[in-house]
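Please read the structure below before turning to the comments.
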Amino acid sequence: MLLLTETMYNPPIQYFAQAARAEALLVEQHENYVKQSYRNRCHVLTAQGVVPLSIPVLRGNSKDKTRITQIEIDYTQKWHNVHWRTIQAAYGRAPYFEFYSDYLREVYERQPKYLFELNIDLLRLYLKFLKLEKPLQFTDSYQPEPPPGVLDLRNRIHPKIIPDNLYVKPYTQVFGKQFVQDLSILDLLFTQGPKSLSYTQ
């Protein structure tokens with residue numbers, strides 16, 4: 001089975017729960033950019049609760065449709081510094097923060113021009129951390145109805161959609177007494193390290 005999704009920024013745990021069951025991963029590269037989605041945002045858990053981190057993009061608010069691969073990141077707002085400080089504050093004391101953080105910071109410091117490029121760089125990194133050796137493929141064209149053998153979850157993993165098939169075994173999080181599900185994969189990786197995938201099965 002191929003798992004078809006849009007590209008996501010620091011994808012939520014539910015994406016990797018689905019990826020673990022797939023034979024290969026298929027990323028949609030011919031869609032138009034959609035605002036207020038995981039394409040440019042993620043959720044992390046801080047001392048103040050769940051905090052959304054959003055990447056400002058150029059032309060993202062335009063009425064004209066823009067292909068996802070042409071969406072440029074707006075670095076004039078210094079968002080990457082804010083995101084990194086927030087991630088450090090949220091997970092700096094987590095058991096595996098020092099194990100992964102240098103690799104993650106290196107991606108941020110490269111400052112890729114395009115959102116799609118940044119998201120793919122991060123996805124490859126997380127697949128490596130999780131030891132998910134899945135072929136990563138990209139669509140050749142936009143198909144509203146994908147062929148048989150493809151699980152189409154485009155626009156199904158969304159901040160405003162509560163997943164009905166996600167079960168994550170509770171694990172110890174850095175903040176809070178009540179377990180919070182479906183955060184960014186950062187939350188699971190920094191707290192559970194190599195055991196992360198076992199919590200999604």
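Chain labels follow the order of the structure tokens: the first chain is A, the next B, and so on; residue numbering restarts at 1 in every chain, and ligands are counted from 1 in their shown order.
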
Closest atom pairs, residues of stretch 134-199 of chain A within 9 Å of stretch 90-108 of chain A, only C-alpha atoms, as a tab-separated table:
residue	atom	partner	partner_atom	distance
A:Gln173	CA	A:Ala94	CA	8.2
A:Val174	CA	A:Ala94	CA	6.3
A:Phe175	CA	A:Ala90	CA	8.1
A:Leu186	CA	A:Tyr91	CA	8.5
A:Asp187	CA	A:Tyr91	CA	7.6
A:Leu189	CA	A:Tyr96	CA	7.2
A:Phe190	CA	A:Tyr96	CA	4.7
A:Thr191	CA	A:Ala94	CA	5.3
A:Gln192	CA	A:Tyr96	CA	7.0
A:Gly193	CA	A:Tyr96	CA	5.7

Export, as a PDB file, in the first residue's frame, the selected residues with all heavy atoms.
ATOM      1  N   GLN A 173       5.271  12.884  29.075  1.00  0.00           N
ATOM      2  CA  GLN A 173       5.577  14.118  28.371  1.00  0.00           C
ATOM      3  C   GLN A 173       6.267  15.098  29.314  1.00  0.00           C
ATOM      4  O   GLN A 173       6.219  14.936  30.533  1.00  0.00           O
ATOM      5  CB  GLN A 173       4.285  14.710  27.793  1.00  0.00           C
ATOM      6  CG  GLN A 173       3.688  13.809  26.702  1.00  0.00           C
ATOM      7  CD  GLN A 173       2.332  14.261  26.206  1.00  0.00           C
ATOM      8  OE1 GLN A 173       1.448  14.583  26.983  1.00  0.00           O
ATOM      9  NE2 GLN A 173       2.149  14.254  24.882  1.00  0.00           N
ATOM     10  N   VAL A 174       6.915  16.087  28.754  1.00  0.00           N
ATOM     11  CA  VAL A 174       7.713  17.009  29.565  1.00  0.00           C
ATOM     12  C   VAL A 174       6.827  17.848  30.480  1.00  0.00           C
ATOM     13  O   VAL A 174       7.163  18.097  31.644  1.00  0.00           O
ATOM     14  CB  VAL A 174       8.578  17.921  28.666  1.00  0.00           C
ATOM     15  CG1 VAL A 174       9.389  18.897  29.522  1.00  0.00           C
ATOM     16  CG2 VAL A 174       9.508  17.085  27.793  1.00  0.00           C
ATOM     17  N   PHE A 175       5.668  18.275  29.966  1.00  0.00           N
ATOM     18  CA  PHE A 175       4.782  19.152  30.738  1.00  0.00           C
ATOM     19  C   PHE A 175       3.381  18.555  30.847  1.00  0.00           C
ATOM     20  O   PHE A 175       2.930  17.832  29.967  1.00  0.00           O
ATOM     21  CB  PHE A 175       4.684  20.535  30.086  1.00  0.00           C
ATOM     22  CG  PHE A 175       5.992  21.279  30.036  1.00  0.00           C
ATOM     23  CD1 PHE A 175       6.688  21.402  28.848  1.00  0.00           C
ATOM     24  CD2 PHE A 175       6.528  21.848  31.185  1.00  0.00           C
ATOM     25  CE1 PHE A 175       7.887  22.086  28.792  1.00  0.00           C
ATOM     26  CE2 PHE A 175       7.726  22.526  31.144  1.00  0.00           C
ATOM     27  CZ  PHE A 175       8.410  22.648  29.950  1.00  0.00           C
ATOM     28  N   LEU A 186       7.948  15.698  17.033  1.00  0.00           N
ATOM     29  CA  LEU A 186       9.005  16.171  17.927  1.00  0.00           C
ATOM     30  C   LEU A 186       8.749  15.745  19.361  1.00  0.00           C
ATOM     31  O   LEU A 186       9.685  15.390  20.088  1.00  0.00           O
ATOM     32  CB  LEU A 186       9.101  17.702  17.855  1.00  0.00           C
ATOM     33  CG  LEU A 186       9.600  18.310  16.546  1.00  0.00           C
ATOM     34  CD1 LEU A 186       9.461  19.824  16.586  1.00  0.00           C
ATOM     35  CD2 LEU A 186      11.037  17.910  16.283  1.00  0.00           C
ATOM     36  N   ASP A 187       7.486  15.818  19.793  1.00  0.00           N
ATOM     37  CA  ASP A 187       7.145  15.486  21.176  1.00  0.00           C
ATOM     38  C   ASP A 187       7.491  14.035  21.486  1.00  0.00           C
ATOM     39  O   ASP A 187       8.083  13.730  22.522  1.00  0.00           O
ATOM     40  CB  ASP A 187       5.653  15.736  21.421  1.00  0.00           C
ATOM     41  CG  ASP A 187       5.286  15.658  22.897  1.00  0.00           C
ATOM     42  OD1 ASP A 187       5.505  16.657  23.608  1.00  0.00           O
ATOM     43  OD2 ASP A 187       4.798  14.592  23.342  1.00  0.00           O
ATOM     44  N   LEU A 189       9.551  11.966  19.686  1.00  0.00           N
ATOM     45  CA  LEU A 189      10.976  11.685  19.493  1.00  0.00           C
ATOM     46  C   LEU A 189      11.828  12.172  20.658  1.00  0.00           C
ATOM     47  O   LEU A 189      12.688  11.442  21.157  1.00  0.00           O
ATOM     48  CB  LEU A 189      11.468  12.340  18.204  1.00  0.00           C
ATOM     49  CG  LEU A 189      11.357  11.540  16.921  1.00  0.00           C
ATOM     50  CD1 LEU A 189      11.705  12.416  15.728  1.00  0.00           C
ATOM     51  CD2 LEU A 189      12.254  10.313  16.959  1.00  0.00           C
ATOM     52  N   PHE A 190      11.604  13.402  21.087  1.00  0.00           N
ATOM     53  CA  PHE A 190      12.444  13.955  22.147  1.00  0.00           C
ATOM     54  C   PHE A 190      12.221  13.267  23.488  1.00  0.00           C
ATOM     55  O   PHE A 190      13.121  13.245  24.324  1.00  0.00           O
ATOM     56  CB  PHE A 190      12.189  15.452  22.290  1.00  0.00           C
ATOM     57  CG  PHE A 190      12.821  16.288  21.213  1.00  0.00           C
ATOM     58  CD1 PHE A 190      12.179  17.417  20.725  1.00  0.00           C
ATOM     59  CD2 PHE A 190      14.061  15.974  20.682  1.00  0.00           C
ATOM     60  CE1 PHE A 190      12.758  18.208  19.741  1.00  0.00           C
ATOM     61  CE2 PHE A 190      14.654  16.744  19.688  1.00  0.00           C
ATOM     62  CZ  PHE A 190      13.996  17.862  19.222  1.00  0.00           C
ATOM     63  N   THR A 191      11.039  12.703  23.700  1.00  0.00           N
ATOM     64  CA  THR A 191      10.773  12.049  24.986  1.00  0.00           C
ATOM     65  C   THR A 191      11.034  10.544  24.969  1.00  0.00           C
ATOM     66  O   THR A 191      11.424   9.977  25.990  1.00  0.00           O
ATOM     67  CB  THR A 191       9.327  12.298  25.443  1.00  0.00           C
ATOM     68  OG1 THR A 191       8.417  11.812  24.441  1.00  0.00           O
ATOM     69  CG2 THR A 191       9.070  13.770  25.687  1.00  0.00           C
ATOM     70  N   GLN A 192      10.848   9.897  23.811  1.00  0.00           N
ATOM     71  CA  GLN A 192      10.957   8.436  23.760  1.00  0.00           C
ATOM     72  C   GLN A 192      12.091   7.915  22.891  1.00  0.00           C
ATOM     73  O   GLN A 192      12.410   6.733  22.948  1.00  0.00           O
ATOM     74  CB  GLN A 192       9.631   7.832  23.283  1.00  0.00           C
ATOM     75  CG  GLN A 192       8.439   8.222  24.132  1.00  0.00           C
ATOM     76  CD  GLN A 192       8.637   7.902  25.609  1.00  0.00           C
ATOM     77  OE1 GLN A 192       9.109   6.816  25.956  1.00  0.00           O
ATOM     78  NE2 GLN A 192       8.303   8.846  26.479  1.00  0.00           N
ATOM     79  N   GLY A 193      12.672   8.768  22.061  1.00  0.00           N
ATOM     80  CA  GLY A 193      13.830   8.358  21.275  1.00  0.00           C
ATOM     81  C   GLY A 193      13.584   7.153  20.388  1.00  0.00           C
ATOM     82  O   GLY A 193      12.561   7.076  19.695  1.00  0.00           O
TER      83      GLY A 193
END

Determine, using only C-alpha atoms, which residues of stretch 52-168 of chain A have any atom at most 6 Å from an atom of stretch 18-42 of chain A, and tabulate each with its shortest atom pair and distance in Å to one decimal place, rows ordered by chain and then rising number, as CSV.
residue,atom,partner,partner_atom,distance
A:Pro52,CA,A:Cys42,CA,5.7
A:Leu53,CA,A:Arg41,CA,5.3
A:Ser54,CA,A:Arg41,CA,4.2
A:Ile55,CA,A:Asn40,CA,5.2
A:Lys65,CA,A:Asn32,CA,6.0
A:Thr66,CA,A:Asn32,CA,5.3
A:Arg67,CA,A:Asn32,CA,4.2
A:Ile68,CA,A:Tyr33,CA,4.7
A:Lys134,CA,A:Ala24,CA,5.1
A:Pro135,CA,A:Ala24,CA,4.9
A:Leu136,CA,A:Leu25,CA,4.9
A:Gln137,CA,A:Leu26,CA,4.7
A:Phe138,CA,A:Val27,CA,4.8
A:Thr139,CA,A:Glu28,CA,5.3
A:Ser141,CA,A:His30,CA,5.8
A:Tyr142,CA,A:His30,CA,5.3
A:His158,CA,A:Ser37,CA,5.8

Write out the residues from the selection above, keeping N, CA and C atoms, as a PDB file, in the first residue's frame.
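What landed in out11.pdb:
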ATOM      1  N   PRO A  52       0.880  26.323  18.816  1.00  0.00           N
ATOM      2  CA  PRO A  52       1.070  26.136  17.376  1.00  0.00           C
ATOM      3  C   PRO A  52       2.268  26.942  16.882  1.00  0.00           C
ATOM      4  N   LEU A  53       3.074  26.326  16.051  1.00  0.00           N
ATOM      5  CA  LEU A  53       4.186  27.008  15.400  1.00  0.00           C
ATOM      6  C   LEU A  53       3.861  27.096  13.918  1.00  0.00           C
ATOM      7  N   SER A  54       3.839  28.313  13.404  1.00  0.00           N
ATOM      8  CA  SER A  54       3.422  28.513  12.013  1.00  0.00           C
ATOM      9  C   SER A  54       4.521  29.221  11.222  1.00  0.00           C
ATOM     10  N   ILE A  55       4.798  28.728  10.025  1.00  0.00           N
ATOM     11  CA  ILE A  55       5.803  29.324   9.156  1.00  0.00           C
ATOM     12  C   ILE A  55       5.137  30.360   8.255  1.00  0.00           C
ATOM     13  N   LYS A  65      -4.169  30.894  -6.940  1.00  0.00           N
ATOM     14  CA  LYS A  65      -3.690  29.589  -6.484  1.00  0.00           C
ATOM     15  C   LYS A  65      -2.208  29.437  -6.803  1.00  0.00           C
ATOM     16  N   THR A  66      -1.473  28.944  -5.818  1.00  0.00           N
ATOM     17  CA  THR A  66      -0.031  28.769  -5.983  1.00  0.00           C
ATOM     18  C   THR A  66       0.334  27.316  -5.695  1.00  0.00           C
ATOM     19  N   ARG A  67       1.072  26.735  -6.584  1.00  0.00           N
ATOM     20  CA  ARG A  67       1.482  25.336  -6.403  1.00  0.00           C
ATOM     21  C   ARG A  67       2.355  25.215  -5.163  1.00  0.00           C
ATOM     22  N   ILE A  68       2.195  24.131  -4.441  1.00  0.00           N
ATOM     23  CA  ILE A  68       2.884  23.947  -3.164  1.00  0.00           C
ATOM     24  C   ILE A  68       4.399  24.042  -3.314  1.00  0.00           C
ATOM     25  N   LYS A 134      11.313   3.490   4.356  1.00  0.00           N
ATOM     26  CA  LYS A 134      10.225   3.465   3.377  1.00  0.00           C
ATOM     27  C   LYS A 134      10.637   4.280   2.151  1.00  0.00           C
ATOM     28  N   PRO A 135      10.431   3.751   0.948  1.00  0.00           N
ATOM     29  CA  PRO A 135      10.701   4.561  -0.243  1.00  0.00           C
ATOM     30  C   PRO A 135       9.864   5.835  -0.224  1.00  0.00           C
ATOM     31  N   LEU A 136      10.483   6.953  -0.555  1.00  0.00           N
ATOM     32  CA  LEU A 136       9.796   8.244  -0.578  1.00  0.00           C
ATOM     33  C   LEU A 136       9.638   8.657  -2.035  1.00  0.00           C
ATOM     34  N   GLN A 137       8.372   8.756  -2.460  1.00  0.00           N
ATOM     35  CA  GLN A 137       8.071   9.057  -3.856  1.00  0.00           C
ATOM     36  C   GLN A 137       7.243  10.332  -3.944  1.00  0.00           C
ATOM     37  N   PHE A 138       7.158  10.878  -5.169  1.00  0.00           N
ATOM     38  CA  PHE A 138       6.424  12.108  -5.396  1.00  0.00           C
ATOM     39  C   PHE A 138       5.470  11.929  -6.572  1.00  0.00           C
ATOM     40  N   THR A 139       4.321  12.563  -6.493  1.00  0.00           N
ATOM     41  CA  THR A 139       3.322  12.414  -7.547  1.00  0.00           C
ATOM     42  C   THR A 139       3.821  13.001  -8.867  1.00  0.00           C
ATOM     43  N   SER A 141       1.533  13.851 -11.286  1.00  0.00           N
ATOM     44  CA  SER A 141       0.474  14.783 -11.663  1.00  0.00           C
ATOM     45  C   SER A 141      -0.574  14.757 -10.562  1.00  0.00           C
ATOM     46  N   TYR A 142      -1.496  15.721 -10.622  1.00  0.00           N
ATOM     47  CA  TYR A 142      -2.558  15.730  -9.609  1.00  0.00           C
ATOM     48  C   TYR A 142      -3.715  14.859 -10.080  1.00  0.00           C
ATOM     49  N   HIS A 158      -5.372  16.915   9.544  1.00  0.00           N
ATOM     50  CA  HIS A 158      -5.587  18.362   9.529  1.00  0.00           C
ATOM     51  C   HIS A 158      -5.779  18.872  10.951  1.00  0.00           C
TER      52      HIS A 158
END

Problem - Those in chain A with strand (DSSP E) from DSSP, as a ChimeraX atom specification - result: /A:2-5,24-27,41-46,49-54,57-58,72-73,136-138,150-152

Practice task
Could you check how far atom CA of A:Gln48 sits from atom CA of A:Ala89, in Å to one decimal?
Solution key: 10.6 Å

Practice task
Find, counting only C-alpha atoms, the residue in A:Lys160, A:Lys195, A:Lys169, A:Arg154 that gets nearest to A:Thr5.
Solution key: A:Arg154

Problem - Two-atom distance - atom CA of A:Asp64, atom CA of A:Asp152 (Å) - result: 25.5 Å

Handout entry: Near-A:His43 list (10 Å; only C-alpha atoms; drop same-chain fewer than 6 positions) as a PyMOL selection string
Key = chain A and resi 9-12+49-54+159+182-187

Save out the residues we just selected, N, CA, C and O atoms, as a PDB file, in the first residue's frame.
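Written out: out18.pdb:
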ATOM      1  N   TYR A   9       4.777  20.214   7.909  1.00  0.00           N
ATOM      2  CA  TYR A   9       5.869  20.771   8.706  1.00  0.00           C
ATOM      3  C   TYR A   9       5.914  20.060  10.057  1.00  0.00           C
ATOM      4  O   TYR A   9       4.940  20.080  10.801  1.00  0.00           O
ATOM      5  N   ASN A  10       7.052  19.422  10.373  1.00  0.00           N
ATOM      6  CA  ASN A  10       7.148  18.637  11.615  1.00  0.00           C
ATOM      7  C   ASN A  10       5.858  17.832  11.812  1.00  0.00           C
ATOM      8  O   ASN A  10       5.089  18.089  12.749  1.00  0.00           O
ATOM      9  N   PRO A  11       5.614  16.853  10.945  1.00  0.00           N
ATOM     10  CA  PRO A  11       4.301  16.194  10.880  1.00  0.00           C
ATOM     11  C   PRO A  11       3.809  15.678  12.224  1.00  0.00           C
ATOM     12  O   PRO A  11       4.609  15.341  13.111  1.00  0.00           O
ATOM     13  N   PRO A  12       2.486  15.589  12.375  1.00  0.00           N
ATOM     14  CA  PRO A  12       1.918  15.048  13.615  1.00  0.00           C
ATOM     15  C   PRO A  12       2.185  13.549  13.731  1.00  0.00           C
ATOM     16  O   PRO A  12       2.464  12.866  12.740  1.00  0.00           O
ATOM     17  N   GLY A  49       1.055  24.940  27.740  1.00  0.00           N
ATOM     18  CA  GLY A  49       0.103  24.097  27.031  1.00  0.00           C
ATOM     19  C   GLY A  49       0.526  23.890  25.588  1.00  0.00           C
ATOM     20  O   GLY A  49       1.680  24.110  25.219  1.00  0.00           O
ATOM     21  N   VAL A  50      -0.443  23.483  24.753  1.00  0.00           N
ATOM     22  CA  VAL A  50      -0.153  23.233  23.345  1.00  0.00           C
ATOM     23  C   VAL A  50       0.021  24.564  22.608  1.00  0.00           C
ATOM     24  O   VAL A  50      -0.830  25.449  22.704  1.00  0.00           O
ATOM     25  N   VAL A  51       1.136  24.687  21.892  1.00  0.00           N
ATOM     26  CA  VAL A  51       1.449  25.921  21.169  1.00  0.00           C
ATOM     27  C   VAL A  51       1.601  25.601  19.681  1.00  0.00           C
ATOM     28  O   VAL A  51       2.369  24.705  19.316  1.00  0.00           O
ATOM     29  N   PRO A  52       0.880  26.323  18.816  1.00  0.00           N
ATOM     30  CA  PRO A  52       1.070  26.136  17.376  1.00  0.00           C
ATOM     31  C   PRO A  52       2.268  26.942  16.882  1.00  0.00           C
ATOM     32  O   PRO A  52       2.463  28.090  17.283  1.00  0.00           O
ATOM     33  N   LEU A  53       3.074  26.326  16.051  1.00  0.00           N
ATOM     34  CA  LEU A  53       4.186  27.008  15.400  1.00  0.00           C
ATOM     35  C   LEU A  53       3.861  27.096  13.918  1.00  0.00           C
ATOM     36  O   LEU A  53       3.636  26.079  13.272  1.00  0.00           O
ATOM     37  N   SER A  54       3.839  28.313  13.404  1.00  0.00           N
ATOM     38  CA  SER A  54       3.422  28.513  12.013  1.00  0.00           C
ATOM     39  C   SER A  54       4.521  29.221  11.222  1.00  0.00           C
ATOM     40  O   SER A  54       5.110  30.192  11.699  1.00  0.00           O
ATOM     41  N   PRO A 159      -5.286  20.081  11.257  1.00  0.00           N
ATOM     42  CA  PRO A 159      -5.438  20.612  12.632  1.00  0.00           C
ATOM     43  C   PRO A 159      -6.877  20.687  13.115  1.00  0.00           C
ATOM     44  O   PRO A 159      -7.132  20.611  14.312  1.00  0.00           O
ATOM     45  N   ASP A 182      -1.568  13.476  19.593  1.00  0.00           N
ATOM     46  CA  ASP A 182      -1.437  14.047  18.253  1.00  0.00           C
ATOM     47  C   ASP A 182      -0.720  15.384  18.210  1.00  0.00           C
ATOM     48  O   ASP A 182      -1.162  16.317  17.532  1.00  0.00           O
ATOM     49  N   LEU A 183       0.386  15.441  18.917  1.00  0.00           N
ATOM     50  CA  LEU A 183       1.289  16.571  18.768  1.00  0.00           C
ATOM     51  C   LEU A 183       2.228  16.293  17.603  1.00  0.00           C
ATOM     52  O   LEU A 183       2.134  15.264  16.930  1.00  0.00           O
ATOM     53  N   SER A 184       3.155  17.195  17.361  1.00  0.00           N
ATOM     54  CA  SER A 184       4.182  16.966  16.356  1.00  0.00           C
ATOM     55  C   SER A 184       5.026  15.751  16.761  1.00  0.00           C
ATOM     56  O   SER A 184       5.164  15.420  17.954  1.00  0.00           O
ATOM     57  N   ILE A 185       5.613  15.111  15.767  1.00  0.00           N
ATOM     58  CA  ILE A 185       6.508  13.986  16.036  1.00  0.00           C
ATOM     59  C   ILE A 185       7.653  14.401  16.957  1.00  0.00           C
ATOM     60  O   ILE A 185       8.250  13.559  17.638  1.00  0.00           O
ATOM     61  N   LEU A 186       7.948  15.698  17.033  1.00  0.00           N
ATOM     62  CA  LEU A 186       9.005  16.171  17.927  1.00  0.00           C
ATOM     63  C   LEU A 186       8.749  15.745  19.361  1.00  0.00           C
ATOM     64  O   LEU A 186       9.685  15.390  20.088  1.00  0.00           O
ATOM     65  N   ASP A 187       7.486  15.818  19.793  1.00  0.00           N
ATOM     66  CA  ASP A 187       7.145  15.486  21.176  1.00  0.00           C
ATOM     67  C   ASP A 187       7.491  14.035  21.486  1.00  0.00           C
ATOM     68  O   ASP A 187       8.083  13.730  22.522  1.00  0.00           O
TER      69      ASP A 187
END

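We find atom CA of A:Val180 and atom CA of A:Lys78 to be spaced 28.5 Å apart.
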
Practice task
Determine which residues of chain A DSSP labels as helix (DSSP H, G or I) from the backbone of this structure, then write them out as a VMD selection string.
Solution key: chain A and resid 13 to 19 68 to 70 75 to 77 79 to 91 97 to 110 115 to 129 185 to 200

Can you spit out the residues from that selection as a PDB file, in the first residue's frame, using C-alpha atoms?
ATOM      1  CA  ILE A  13       2.332  11.640  15.203  1.00  0.00           C
ATOM      2  CA  GLN A  14      -0.667  10.242  13.322  1.00  0.00           C
ATOM      3  CA  TYR A  15       1.192  10.654  10.023  1.00  0.00           C
ATOM      4  CA  PHE A  16       4.000   8.367  11.179  1.00  0.00           C
ATOM      5  CA  ALA A  17       1.531   5.881  12.637  1.00  0.00           C
ATOM      6  CA  GLN A  18       0.111   5.534   9.107  1.00  0.00           C
ATOM      7  CA  ALA A  19       3.561   5.595   7.496  1.00  0.00           C
ATOM      8  CA  ILE A  68       2.884  23.947  -3.164  1.00  0.00           C
ATOM      9  CA  THR A  69       6.388  23.592  -4.601  1.00  0.00           C
ATOM     10  CA  GLN A  70       6.424  27.323  -5.441  1.00  0.00           C
ATOM     11  CA  TYR A  75      12.502  34.726   6.511  1.00  0.00           C
ATOM     12  CA  THR A  76      12.135  38.464   7.145  1.00  0.00           C
ATOM     13  CA  GLN A  77       9.953  37.644  10.160  1.00  0.00           C
ATOM     14  CA  TRP A  79      10.204  32.871  12.551  1.00  0.00           C
ATOM     15  CA  HIS A  80      12.933  30.205  12.592  1.00  0.00           C
ATOM     16  CA  ASN A  81      14.513  31.809  15.666  1.00  0.00           C
ATOM     17  CA  VAL A  82      11.135  31.867  17.435  1.00  0.00           C
ATOM     18  CA  HIS A  83      10.422  28.253  16.511  1.00  0.00           C
ATOM     19  CA  TRP A  84      13.824  27.059  17.661  1.00  0.00           C
ATOM     20  CA  ARG A  85      13.581  28.897  20.982  1.00  0.00           C
ATOM     21  CA  THR A  86      10.106  27.457  21.545  1.00  0.00           C
ATOM     22  CA  ILE A  87      11.297  23.934  20.729  1.00  0.00           C
ATOM     23  CA  GLN A  88      14.232  24.372  23.105  1.00  0.00           C
ATOM     24  CA  ALA A  89      11.944  25.643  25.881  1.00  0.00           C
ATOM     25  CA  ALA A  90       9.502  22.805  25.306  1.00  0.00           C
ATOM     26  CA  TYR A  91      11.957  19.918  24.991  1.00  0.00           C
ATOM     27  CA  PHE A  97      16.741  16.364  23.023  1.00  0.00           C
ATOM     28  CA  GLU A  98      20.540  16.489  22.844  1.00  0.00           C
ATOM     29  CA  PHE A  99      20.574  13.274  20.805  1.00  0.00           C
ATOM     30  CA  TYR A 100      18.495  14.754  17.967  1.00  0.00           C
ATOM     31  CA  SER A 101      18.634  18.537  18.285  1.00  0.00           C
ATOM     32  CA  ASP A 102      21.867  19.223  16.391  1.00  0.00           C
ATOM     33  CA  TYR A 103      20.565  17.441  13.290  1.00  0.00           C
ATOM     34  CA  LEU A 104      17.295  19.318  13.488  1.00  0.00           C
ATOM     35  CA  ARG A 105      18.943  22.676  14.023  1.00  0.00           C
ATOM     36  CA  GLU A 106      21.164  22.113  10.996  1.00  0.00           C
ATOM     37  CA  VAL A 107      18.065  21.875   8.779  1.00  0.00           C
ATOM     38  CA  TYR A 108      16.703  25.146  10.173  1.00  0.00           C
ATOM     39  CA  GLU A 109      20.032  26.898   9.707  1.00  0.00           C
ATOM     40  CA  ARG A 110      20.165  25.933   6.022  1.00  0.00           C
ATOM     41  CA  LEU A 115       8.352  25.370   2.161  1.00  0.00           C
ATOM     42  CA  PHE A 116       8.166  22.099   0.257  1.00  0.00           C
ATOM     43  CA  GLU A 117      11.943  21.705   0.420  1.00  0.00           C
ATOM     44  CA  LEU A 118      12.054  22.380   4.161  1.00  0.00           C
ATOM     45  CA  ASN A 119       9.259  19.906   4.856  1.00  0.00           C
ATOM     46  CA  ILE A 120      10.877  17.159   2.799  1.00  0.00           C
ATOM     47  CA  ASP A 121      14.260  17.724   4.459  1.00  0.00           C
ATOM     48  CA  LEU A 122      12.591  17.372   7.867  1.00  0.00           C
ATOM     49  CA  LEU A 123      10.589  14.326   6.786  1.00  0.00           C
ATOM     50  CA  ARG A 124      13.721  12.521   5.605  1.00  0.00           C
ATOM     51  CA  LEU A 125      15.344  13.317   8.943  1.00  0.00           C
ATOM     52  CA  TYR A 126      12.432  11.916  10.967  1.00  0.00           C
ATOM     53  CA  LEU A 127      12.252   8.763   8.853  1.00  0.00           C
ATOM     54  CA  LYS A 128      15.949   8.245   9.596  1.00  0.00           C
ATOM     55  CA  PHE A 129      15.480   8.857  13.329  1.00  0.00           C
ATOM     56  CA  ILE A 185       6.508  13.986  16.036  1.00  0.00           C
ATOM     57  CA  LEU A 186       9.005  16.171  17.927  1.00  0.00           C
ATOM     58  CA  ASP A 187       7.145  15.486  21.176  1.00  0.00           C
ATOM     59  CA  LEU A 188       7.404  11.719  20.773  1.00  0.00           C
ATOM     60  CA  LEU A 189      10.976  11.685  19.493  1.00  0.00           C
ATOM     61  CA  PHE A 190      12.444  13.955  22.147  1.00  0.00           C
ATOM     62  CA  THR A 191      10.773  12.049  24.986  1.00  0.00           C
ATOM     63  CA  GLN A 192      10.957   8.436  23.760  1.00  0.00           C
ATOM     64  CA  GLY A 193      13.830   8.358  21.275  1.00  0.00           C
ATOM     65  CA  PRO A 194      14.382   5.008  19.513  1.00  0.00           C
ATOM     66  CA  LYS A 195      11.244   3.544  21.137  1.00  0.00           C
ATOM     67  CA  SER A 196       8.976   6.140  19.539  1.00  0.00           C
ATOM     68  CA  LEU A 197       7.266   3.958  16.951  1.00  0.00           C
ATOM     69  CA  SER A 198       6.252   1.364  19.533  1.00  0.00           C
ATOM     70  CA  TYR A 199       3.806   3.902  20.962  1.00  0.00           C
ATOM     71  CA  THR A 200       1.830   4.136  17.723  1.00  0.00           C
TER      72      THR A 200
END
